[in-house]
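Trainee: Structure file my_file-v1.cif, mmCIF, C-alpha atoms, is pasted below:
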```cif
data_target
loop_
_atom_site.label_atom_id
_atom_site.label_comp_id
_atom_site.auth_asym_id
_atom_site.auth_seq_id
_atom_site.Cartn_x
_atom_site.Cartn_y
_atom_site.Cartn_z
CA ASN S 1 96.90 -203.18 18.65
CA GLU S 2 93.22 -203.97 18.16
CA LEU S 3 92.35 -202.05 21.29
CA ASN S 4 93.78 -198.72 20.14
CA GLY S 5 90.99 -196.26 20.82
CA ASN S 6 88.18 -197.50 23.00
CA LEU S 7 86.33 -200.74 22.36
CA TYR S 8 83.21 -199.20 23.84
CA GLU S 9 83.09 -196.67 20.99
CA LEU S 10 81.37 -199.52 19.16
CA ILE S 11 78.26 -198.32 20.97
CA ASN S 12 78.21 -195.63 18.25
CA TYR S 13 78.02 -198.43 15.68
CA TYR S 14 75.12 -199.95 17.62
CA ARG S 15 73.26 -196.63 17.47
CA GLY S 16 73.03 -196.94 13.71
CA PHE S 17 70.56 -199.84 14.10
CA TYR S 18 68.22 -198.19 16.56
CA ASP S 19 66.41 -194.93 17.15
CA ASP S 20 69.03 -192.37 18.24
CA VAL S 21 66.43 -190.31 20.08
CA GLU S 22 65.33 -193.35 22.09
CA LEU S 23 68.88 -194.33 23.01
CA TYR S 24 69.71 -190.83 24.15
CA ALA S 25 66.50 -190.85 26.22
CA ILE S 26 67.55 -194.15 27.82
CA LYS S 27 70.99 -192.74 28.65
CA ARG S 28 69.47 -189.59 30.13
CA ILE S 29 66.98 -191.58 32.24
CA LEU S 30 69.84 -193.81 33.43
CA CYS S 31 72.13 -190.90 34.35
CA GLU S 32 69.35 -189.03 36.14
CA SER S 33 68.44 -192.20 38.06
CA LEU S 34 72.08 -192.76 39.06
CA ASN S 35 72.38 -189.18 40.27
CA ASN S 36 69.15 -189.37 42.28
CA ALA S 37 70.30 -192.63 43.85
CA GLU S 38 73.69 -191.09 44.73
CA CYS S 39 75.47 -193.65 42.57
CA THR S 40 78.06 -193.30 39.86
CA ALA S 41 79.40 -195.44 36.99
CA ALA S 42 82.26 -195.28 34.52
CA GLU S 43 81.39 -194.10 31.02
CA ASN S 44 82.01 -197.54 29.50
CA ALA S 45 79.74 -199.10 32.13
CA ILE S 46 77.02 -196.56 31.33
CA ASN S 47 77.30 -197.42 27.64
CA ALA S 48 77.05 -201.12 28.45
CA ILE S 49 73.92 -200.54 30.57
CA VAL S 50 72.35 -198.41 27.82
CA LEU S 51 73.03 -201.29 25.42
CA HIS S 52 71.39 -203.75 27.82
CA ILE S 53 68.31 -201.55 28.33
CA GLY S 54 67.95 -200.85 24.61
CA ILE S 55 67.95 -204.55 23.82
CA ALA S 56 65.57 -205.28 26.70
CA VAL S 57 63.15 -202.64 25.37
CA GLY S 58 63.21 -204.37 21.98
CA ARG S 59 62.60 -207.76 23.57
CA ILE S 60 59.68 -206.50 25.63
CA ARG S 61 58.11 -204.91 22.56
CA ASP S 62 58.38 -208.31 20.86
CA SER S 63 56.84 -210.02 23.93
CA GLN S 64 60.09 -211.92 24.67
CA ILE S 65 60.08 -211.61 28.46
CA ILE S 66 63.08 -213.03 30.28
CA GLY S 67 62.50 -215.63 33.00
CA ASP S 68 63.58 -215.51 36.62
CA ASP S 69 66.82 -217.07 37.83
CA SER S 70 65.75 -220.17 39.71
CA ASP S 71 69.37 -220.83 40.77
CA GLY S 72 70.23 -217.47 42.23
CA PRO S 73 69.15 -215.64 45.37
CA PRO S 74 66.74 -212.79 44.64
CA LEU S 75 67.93 -209.24 45.12
CA PRO S 76 66.13 -207.78 48.13
CA ASP S 77 63.45 -205.21 47.37
CA SER S 78 65.31 -202.78 49.60
CA GLY S 79 68.64 -203.29 47.80
CA LYS S 80 70.38 -200.43 45.98
CA ASP S 81 70.40 -202.11 42.58
CA TYR S 82 66.76 -203.18 42.75
CA ALA S 83 65.65 -199.70 43.83
CA LEU S 84 67.70 -198.17 41.01
CA ALA S 85 66.21 -200.61 38.48
CA ARG S 86 62.69 -199.67 39.59
CA ARG S 87 63.53 -195.98 39.26
CA ILE S 88 64.84 -196.53 35.72
CA ALA S 89 61.80 -198.62 34.80
CA ARG S 90 59.49 -195.82 35.97
CA GLY S 91 61.35 -193.36 33.79
CA LEU S 92 61.10 -195.65 30.78
CA GLN S 93 57.39 -196.10 31.39
CA GLU S 94 56.79 -192.36 31.63
CA GLU S 95 58.91 -191.35 28.64
CA LEU S 96 58.83 -194.31 26.23
CA GLY S 97 55.62 -196.04 27.25
CA ILE S 98 57.47 -199.31 27.91
CA SER S 99 56.26 -201.30 30.92
CA PHE S 100 58.95 -203.50 32.48
CA PRO S 101 57.38 -206.54 34.21
CA PRO S 102 58.79 -207.57 37.61
CA GLN S 103 61.17 -210.22 36.24
CA GLU S 104 62.64 -207.71 33.78
CA ILE S 105 63.16 -205.20 36.59
CA ARG S 106 64.99 -207.90 38.56
CA ASN S 107 67.10 -208.73 35.51
CA LEU S 108 67.94 -205.04 35.08
CA ALA S 109 68.94 -204.93 38.76
CA TYR S 110 71.33 -207.83 38.16
CA SER S 111 72.80 -206.07 35.12
CA LEU S 112 73.43 -202.96 37.22
CA SER S 113 75.31 -204.96 39.87
CA GLY S 114 79.04 -204.65 39.39
CA LYS S 115 78.68 -201.67 37.04
CA THR S 116 77.50 -198.98 39.44
CA LYS S 117 79.17 -197.80 42.61
CA PRO S 118 77.93 -195.69 45.52
CA LYS S 119 79.31 -192.17 45.41
CA MET S 120 80.69 -192.83 48.88
CA ALA S 121 83.65 -195.18 49.13
CA GLY S 122 83.44 -198.55 50.82
CA ALA S 123 81.74 -200.97 48.42
CA THR S 124 83.86 -203.94 47.30
CA ASN S 125 83.60 -206.53 44.57
CA GLU S 126 82.60 -209.06 47.24
CA ASN S 127 79.52 -206.95 47.99
CA PHE S 128 78.49 -207.08 44.34
CA LEU S 129 79.08 -210.82 44.02
CA GLU S 130 77.19 -211.83 47.15
CA HIS S 131 73.83 -211.77 45.33
CA LEU S 132 75.10 -214.08 42.59
CA ALA S 133 74.68 -217.86 42.75
CA PRO S 134 78.15 -219.41 43.32
CA GLN S 135 78.06 -221.50 40.14
CA TYR S 136 78.08 -218.36 37.98
CA VAL S 137 81.15 -216.98 39.73
CA GLU S 138 82.87 -220.37 39.51
CA THR S 139 82.00 -220.70 35.82
CA ALA S 140 83.35 -217.21 35.09
CA ARG S 141 86.62 -217.99 36.88
CA ALA S 142 86.89 -221.37 35.12
CA LEU S 143 86.47 -219.74 31.70
CA LEU S 144 89.25 -217.26 32.40
CA HIS S 145 91.44 -220.10 33.70
CA ASP S 146 90.85 -222.03 30.46
CA VAL S 147 91.75 -218.94 28.41
CA ASN S 148 95.00 -218.66 30.36
CA ASP S 149 95.80 -222.32 29.72
CA ALA S 150 95.01 -222.11 26.00
CA TYR S 151 96.36 -218.65 25.14
CA GLY S 152 98.74 -217.74 27.94
CA LEU S 153 96.62 -214.69 28.75
CA ASP S 154 95.87 -214.16 32.45
CA LEU S 155 92.71 -212.05 32.28
CA TYR S 156 91.50 -212.62 35.82
CA SER S 157 91.90 -209.80 38.29
CA GLU S 158 90.22 -208.85 41.56
CA GLU S 159 90.87 -205.20 40.72
CA GLY S 160 88.27 -203.10 38.92
CA ASP S 161 84.79 -204.26 37.96
CA ALA S 162 85.53 -206.29 34.81
CA PHE S 163 85.22 -209.67 36.54
CA VAL S 164 82.05 -208.72 38.43
CA SER S 165 80.41 -207.57 35.20
CA PHE S 166 81.56 -210.75 33.45
CA ALA S 167 80.16 -213.02 36.17
CA TYR S 168 76.78 -211.26 36.01
CA HIS S 169 76.84 -211.55 32.24
CA ILE S 170 77.39 -215.32 32.51
CA ARG S 171 74.29 -215.47 34.71
CA GLY S 172 72.25 -213.57 32.10
CA LEU S 173 73.55 -215.76 29.29
CA VAL S 174 72.59 -218.95 31.13
CA ILE S 175 69.08 -217.61 31.82
CA ARG S 176 68.63 -216.62 28.17
CA MET S 177 69.73 -220.07 27.05
CA ARG S 178 67.39 -221.70 29.56
CA ASN S 179 64.46 -219.60 28.32
CA ARG S 180 65.48 -219.85 24.64
CA LEU S 181 65.64 -216.09 24.31
CA HIS S 182 67.67 -214.37 21.63
CA MET S 183 69.57 -211.18 22.41
CA PRO S 184 70.36 -209.49 19.05
CA ASN S 185 73.77 -207.85 18.88
CA PRO S 186 74.22 -205.62 15.81
CA MET S 187 77.91 -205.20 16.69
CA HIS S 188 78.63 -208.83 15.84
CA GLU S 189 80.11 -208.34 12.37
CA GLN S 190 82.12 -205.29 13.46
CA LEU S 191 83.61 -207.21 16.37
CA LYS S 192 84.33 -210.26 14.24
CA SER S 193 86.18 -208.33 11.53
CA GLY S 194 87.79 -205.54 13.53
CA TYR S 195 88.73 -207.21 16.83
CA GLN S 196 89.93 -210.64 15.79
CA LEU S 197 91.82 -211.59 18.96
CA ILE S 198 89.00 -210.80 21.37
CA TYR S 199 86.51 -212.45 19.03
CA GLU S 200 88.68 -215.59 18.97
CA LEU S 201 88.78 -215.57 22.78
CA ALA S 202 85.00 -215.20 22.82
CA VAL S 203 84.55 -218.14 20.43
CA PHE S 204 86.79 -220.22 22.70
CA MET S 205 84.80 -219.28 25.82
CA ALA S 206 81.52 -219.94 24.00
CA GLY S 207 82.75 -223.42 23.13
CA ARG S 208 83.53 -224.14 26.78
CA LEU S 209 80.17 -222.76 27.88
CA GLY S 210 78.37 -224.77 25.23
CA GLU S 211 79.94 -227.93 26.62
CA LEU S 212 78.81 -227.04 30.15
CA LEU S 213 75.26 -226.15 29.09
CA GLU S 214 75.04 -228.89 26.45
CA LYS S 215 73.73 -226.24 24.06
CA PRO S 216 75.48 -224.34 21.28
CA ILE S 217 76.16 -220.65 21.98
CA GLY S 218 74.95 -218.42 19.14
CA GLU S 219 76.91 -215.69 17.41
CA GLU S 220 74.93 -212.91 19.09
CA GLU S 221 76.09 -214.21 22.50
CA ILE S 222 79.66 -214.64 21.24
CA ALA S 223 79.67 -210.93 20.38
CA PHE S 224 78.74 -210.01 23.96
CA LEU S 225 81.47 -212.33 25.30
CA ALA S 226 83.90 -210.51 22.98
CA ILE S 227 83.00 -207.18 24.57
CA HIS S 228 83.84 -208.60 28.00
CA ALA S 229 87.08 -210.13 26.69
CA GLY S 230 88.01 -206.70 25.38
CA ALA S 231 87.25 -205.12 28.75
CA PHE S 232 89.62 -207.58 30.45
CA LEU S 233 92.39 -206.84 27.94
CA GLU S 234 91.93 -203.09 28.29
CA ASN S 235 92.39 -203.42 32.05
CA LYS S 236 95.73 -205.18 31.61
#
```
In structure tokens, what does this structure look like?
Mentor:
Amino acid sequence: NELNGNLYELINYYRGFYDDVELYAIKRILCESLNNAECTAAENAINAIVLHIGIAVGRIRDSQIIGDDSDGPPLPDSGKDYALARRIARGLQEELGISFPPQEIRNLAYSLSGKTKPKMAGATNENFLEHLAPQYVETARALLHDVNDAYGLDLYSEEGDAFVSFAYHIRGLVIRMRNRLHMPNPMHEQLKSGYQLIYELAVFMAGRLGELLEKPIGEEEIAFLAIHAGAFLENK
């Protein structure tokens, strides 16, 4: 079984391409911010957020600033995810000297949605999806439906946070394509060679997305789709 062990241990592989000290600092800032905001997140979600922030830091250093989502409703300034993103950005500024512009803080807030939960019970997946433009949710569901038709694998589930995270990832992917931004993924070769089924599913989904966007989906984005495909399979 390709998923013996934990797919998210590939974060350790990712660390080999970046400054370990910086990644540990990002994780510490994230965990402290979650605690101060009375939020919690699963370990695999924390790793995924650390990956997102690490890549965002690299983009900002290279002056590749992501654009706003013209199709989606903005997260309110008083919202939990936006406040948490601002808290994290302040920590990154103080410790790493990286200044996150407003649109990057909003993008970080979107990436947090669906991955963090209040420490008190009550939040549902519907709460996390309500800030997402409907076409992203519909596209995410359609992709999983197409996978089921082609491979006989029913990945969709309302349980857990895998679908919410996937829908928000589709939003980020579309924005990156619209703004012609590249999101390097050093785990690409490892995923391609060591997790062949989930990589094949990712290639299939990328093909469908490419048809919808009328743009080819690059290998770095396929690798991120593979991580989400693996998360769905692990939840089954």
Trainee: How many Å lie between CA of Gly91 in chain S and CA of Asp161 in chain S, rounded to one decimal?
Mentor: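 Going from CA of Gly91 in chain S over to CA of Asp161 in chain S, I get 26.2 Å.
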Trainee: Work out how far CA of Ile198 in chain S is from CA of Gly230 in chain S, in Å to one decimal.
Mentor: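 For CA of Gly230 in chain S relative to CA of Ile198 in chain S, the distance reads 5.8 Å.
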Trainee: Where does the PyMOL selection byres ((chain S and resi 86) around 10) land in this file, that is, which residues does it pick, as a ChimeraX atom specification?
Mentor: /S:33,77,81-85,87-92,100,102,104-106,108-109
Trainee: So, counting all atoms listed in the file, which residue among S:Leu153, S:Ile217, S:Ile170, S:Ala226 is closest to Val137 in chain S?
Mentor: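 When distances to Val137 in chain S are compared using all atoms listed in the file, the smallest one comes from S:Ile170.
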Trainee: Can you pull out the residues contacting range 204-216 of chain S? Cut-off 8 Å, using all atoms listed in the file, and skip same-chain residues under 5 positions away; I want them as a PyMOL selection string.
Mentor: chain S and resi 143+147+174+177+222+225
Trainee: Would you mind exporting C-alpha atoms of the selected residues as a PDB file, keeping the file's coordinate frame?
Mentor:
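Dumped everything to part27.pdb:
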```pdb
ATOM      1  CA  LEU S 143      86.470-219.740  31.700  1.00  0.00           C
ATOM      2  CA  VAL S 147      91.750-218.940  28.410  1.00  0.00           C
ATOM      3  CA  VAL S 174      72.590-218.950  31.130  1.00  0.00           C
ATOM      4  CA  MET S 177      69.730-220.070  27.050  1.00  0.00           C
ATOM      5  CA  ILE S 222      79.660-214.640  21.240  1.00  0.00           C
ATOM      6  CA  LEU S 225      81.470-212.330  25.300  1.00  0.00           C
TER       7      LEU S 225
END
```
Trainee: Closest to Ile26 in chain S among S:Glu38, S:Asp62, S:Glu130, S:Glu95, using only C-alpha atoms?
Mentor: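 Using only C-alpha atoms, the shortest distance to Ile26 in chain S belongs to S:Glu95.
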Trainee: Starting from the displayed file, determine the output of the PyMOL selection byres ((chain S and resi 50-54) around 8) and express the residue list as a PDB file with C-alpha atoms, in the coordinates of the input.
Mentor:
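Saved to out_16.pdb:
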```pdb
ATOM      1  CA  ILE S  11      78.260-198.320  20.970  1.00  0.00           C
ATOM      2  CA  LEU S  23      68.880-194.330  23.010  1.00  0.00           C
ATOM      3  CA  ILE S  26      67.550-194.150  27.820  1.00  0.00           C
ATOM      4  CA  LYS S  27      70.990-192.740  28.650  1.00  0.00           C
ATOM      5  CA  LEU S  30      69.840-193.810  33.430  1.00  0.00           C
ATOM      6  CA  ILE S  46      77.020-196.560  31.330  1.00  0.00           C
ATOM      7  CA  ASN S  47      77.300-197.420  27.640  1.00  0.00           C
ATOM      8  CA  ALA S  48      77.050-201.120  28.450  1.00  0.00           C
ATOM      9  CA  ILE S  49      73.920-200.540  30.570  1.00  0.00           C
ATOM     10  CA  ILE S  55      67.950-204.550  23.820  1.00  0.00           C
ATOM     11  CA  ALA S  56      65.570-205.280  26.700  1.00  0.00           C
ATOM     12  CA  VAL S  57      63.150-202.640  25.370  1.00  0.00           C
ATOM     13  CA  GLY S  58      63.210-204.370  21.980  1.00  0.00           C
ATOM     14  CA  LEU S 108      67.940-205.040  35.080  1.00  0.00           C
ATOM     15  CA  SER S 111      72.800-206.070  35.120  1.00  0.00           C
TER      16      SER S 111
END
```
Trainee: All heavy atoms for range 142-153 of chain S, written as a PDB file, in the frame of the given file, could you do that?
Mentor:
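out.pdb written:
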```
ATOM      1  N   ALA S 142      86.418-220.218  35.889  1.00  0.00           N
ATOM      2  CA  ALA S 142      86.890-221.370  35.120  1.00  0.00           C
ATOM      3  C   ALA S 142      87.150-220.995  33.662  1.00  0.00           C
ATOM      4  O   ALA S 142      88.136-221.444  33.060  1.00  0.00           O
ATOM      5  CB  ALA S 142      85.879-222.510  35.205  1.00  0.00           C
ATOM      6  N   LEU S 143      86.274-220.168  33.086  1.00  0.00           N
ATOM      7  CA  LEU S 143      86.470-219.740  31.700  1.00  0.00           C
ATOM      8  C   LEU S 143      87.762-218.958  31.542  1.00  0.00           C
ATOM      9  O   LEU S 143      88.526-219.170  30.584  1.00  0.00           O
ATOM     10  CB  LEU S 143      85.278-218.895  31.236  1.00  0.00           C
ATOM     11  CG  LEU S 143      83.970-219.636  30.981  1.00  0.00           C
ATOM     12  CD1 LEU S 143      82.858-218.636  30.679  1.00  0.00           C
ATOM     13  CD2 LEU S 143      84.107-220.619  29.832  1.00  0.00           C
ATOM     14  N   LEU S 144      88.020-218.052  32.472  1.00  0.00           N
ATOM     15  CA  LEU S 144      89.250-217.260  32.400  1.00  0.00           C
ATOM     16  C   LEU S 144      90.478-218.141  32.619  1.00  0.00           C
ATOM     17  O   LEU S 144      91.526-217.921  31.997  1.00  0.00           O
ATOM     18  CB  LEU S 144      89.202-216.123  33.406  1.00  0.00           C
ATOM     19  CG  LEU S 144      88.086-215.099  33.202  1.00  0.00           C
ATOM     20  CD1 LEU S 144      88.219-213.958  34.208  1.00  0.00           C
ATOM     21  CD2 LEU S 144      88.097-214.538  31.790  1.00  0.00           C
ATOM     22  N   HIS S 145      90.345-219.148  33.488  1.00  0.00           N
ATOM     23  CA  HIS S 145      91.440-220.100  33.700  1.00  0.00           C
ATOM     24  C   HIS S 145      91.728-220.877  32.412  1.00  0.00           C
ATOM     25  O   HIS S 145      92.890-221.067  32.031  1.00  0.00           O
ATOM     26  CB  HIS S 145      91.073-221.060  34.829  1.00  0.00           C
ATOM     27  CG  HIS S 145      92.112-222.120  35.085  1.00  0.00           C
ATOM     28  ND1 HIS S 145      93.275-221.872  35.774  1.00  0.00           N
ATOM     29  CD2 HIS S 145      92.157-223.433  34.719  1.00  0.00           C
ATOM     30  CE1 HIS S 145      94.001-222.975  35.818  1.00  0.00           C
ATOM     31  NE2 HIS S 145      93.345-223.939  35.199  1.00  0.00           N
ATOM     32  N   ASP S 146      90.671-221.298  31.710  1.00  0.00           N
ATOM     33  CA  ASP S 146      90.850-222.030  30.460  1.00  0.00           C
ATOM     34  C   ASP S 146      91.490-221.148  29.387  1.00  0.00           C
ATOM     35  O   ASP S 146      92.315-221.621  28.591  1.00  0.00           O
ATOM     36  CB  ASP S 146      89.497-222.542  29.951  1.00  0.00           C
ATOM     37  CG  ASP S 146      88.948-223.681  30.799  1.00  0.00           C
ATOM     38  OD1 ASP S 146      89.718-224.241  31.603  1.00  0.00           O
ATOM     39  OD2 ASP S 146      87.746-224.004  30.664  1.00  0.00           O
ATOM     40  N   VAL S 147      91.115-219.870  29.358  1.00  0.00           N
ATOM     41  CA  VAL S 147      91.750-218.940  28.410  1.00  0.00           C
ATOM     42  C   VAL S 147      93.238-218.824  28.704  1.00  0.00           C
ATOM     43  O   VAL S 147      94.073-218.825  27.785  1.00  0.00           O
ATOM     44  CB  VAL S 147      91.077-217.547  28.484  1.00  0.00           C
ATOM     45  CG1 VAL S 147      91.917-216.495  27.759  1.00  0.00           C
ATOM     46  CG2 VAL S 147      89.687-217.599  27.872  1.00  0.00           C
ATOM     47  N   ASN S 148      93.587-218.756  29.977  1.00  0.00           N
ATOM     48  CA  ASN S 148      95.000-218.660  30.360  1.00  0.00           C
ATOM     49  C   ASN S 148      95.762-219.903  29.923  1.00  0.00           C
ATOM     50  O   ASN S 148      96.878-219.815  29.396  1.00  0.00           O
ATOM     51  CB  ASN S 148      95.109-218.475  31.875  1.00  0.00           C
ATOM     52  CG  ASN S 148      96.510-218.085  32.314  1.00  0.00           C
ATOM     53  OD1 ASN S 148      97.333-217.653  31.507  1.00  0.00           O
ATOM     54  ND2 ASN S 148      96.792-218.225  33.601  1.00  0.00           N
ATOM     55  N   ASP S 149      95.155-221.077  30.127  1.00  0.00           N
ATOM     56  CA  ASP S 149      95.800-222.320  29.720  1.00  0.00           C
ATOM     57  C   ASP S 149      95.995-222.402  28.210  1.00  0.00           C
ATOM     58  O   ASP S 149      97.038-222.850  27.728  1.00  0.00           O
ATOM     59  CB  ASP S 149      94.968-223.527  30.180  1.00  0.00           C
ATOM     60  CG  ASP S 149      95.112-223.797  31.674  1.00  0.00           C
ATOM     61  OD1 ASP S 149      96.025-223.221  32.302  1.00  0.00           O
ATOM     62  OD2 ASP S 149      94.314-224.588  32.206  1.00  0.00           O
ATOM     63  N   ALA S 150      94.976-221.960  27.451  1.00  0.00           N
ATOM     64  CA  ALA S 150      95.010-222.110  26.000  1.00  0.00           C
ATOM     65  C   ALA S 150      95.800-221.017  25.294  1.00  0.00           C
ATOM     66  O   ALA S 150      96.446-221.270  24.278  1.00  0.00           O
ATOM     67  CB  ALA S 150      93.574-222.151  25.452  1.00  0.00           C
ATOM     68  N   TYR S 151      95.760-219.794  25.834  1.00  0.00           N
ATOM     69  CA  TYR S 151      96.360-218.650  25.140  1.00  0.00           C
ATOM     70  C   TYR S 151      97.491-217.976  25.911  1.00  0.00           C
ATOM     71  O   TYR S 151      98.139-217.070  25.375  1.00  0.00           O
ATOM     72  CB  TYR S 151      95.284-217.602  24.832  1.00  0.00           C
ATOM     73  CG  TYR S 151      94.278-218.033  23.806  1.00  0.00           C
ATOM     74  CD1 TYR S 151      93.122-218.716  24.189  1.00  0.00           C
ATOM     75  CD2 TYR S 151      94.468-217.764  22.454  1.00  0.00           C
ATOM     76  CE1 TYR S 151      92.187-219.118  23.247  1.00  0.00           C
ATOM     77  CE2 TYR S 151      93.536-218.160  21.509  1.00  0.00           C
ATOM     78  CZ  TYR S 151      92.395-218.840  21.919  1.00  0.00           C
ATOM     79  OH  TYR S 151      91.477-219.235  20.968  1.00  0.00           O
ATOM     80  N   GLY S 152      97.711-218.394  27.149  1.00  0.00           N
ATOM     81  CA  GLY S 152      98.740-217.740  27.940  1.00  0.00           C
ATOM     82  C   GLY S 152      98.389-216.322  28.334  1.00  0.00           C
ATOM     83  O   GLY S 152      99.272-215.507  28.588  1.00  0.00           O
ATOM     84  N   LEU S 153      97.082-216.021  28.382  1.00  0.00           N
ATOM     85  CA  LEU S 153      96.620-214.690  28.750  1.00  0.00           C
ATOM     86  C   LEU S 153      95.906-214.773  30.100  1.00  0.00           C
ATOM     87  O   LEU S 153      94.854-215.406  30.218  1.00  0.00           O
ATOM     88  CB  LEU S 153      95.645-214.143  27.696  1.00  0.00           C
ATOM     89  CG  LEU S 153      96.236-213.805  26.338  1.00  0.00           C
ATOM     90  CD1 LEU S 153      95.111-213.475  25.347  1.00  0.00           C
ATOM     91  CD2 LEU S 153      97.204-212.633  26.443  1.00  0.00           C
TER      92      LEU S 153
END
```
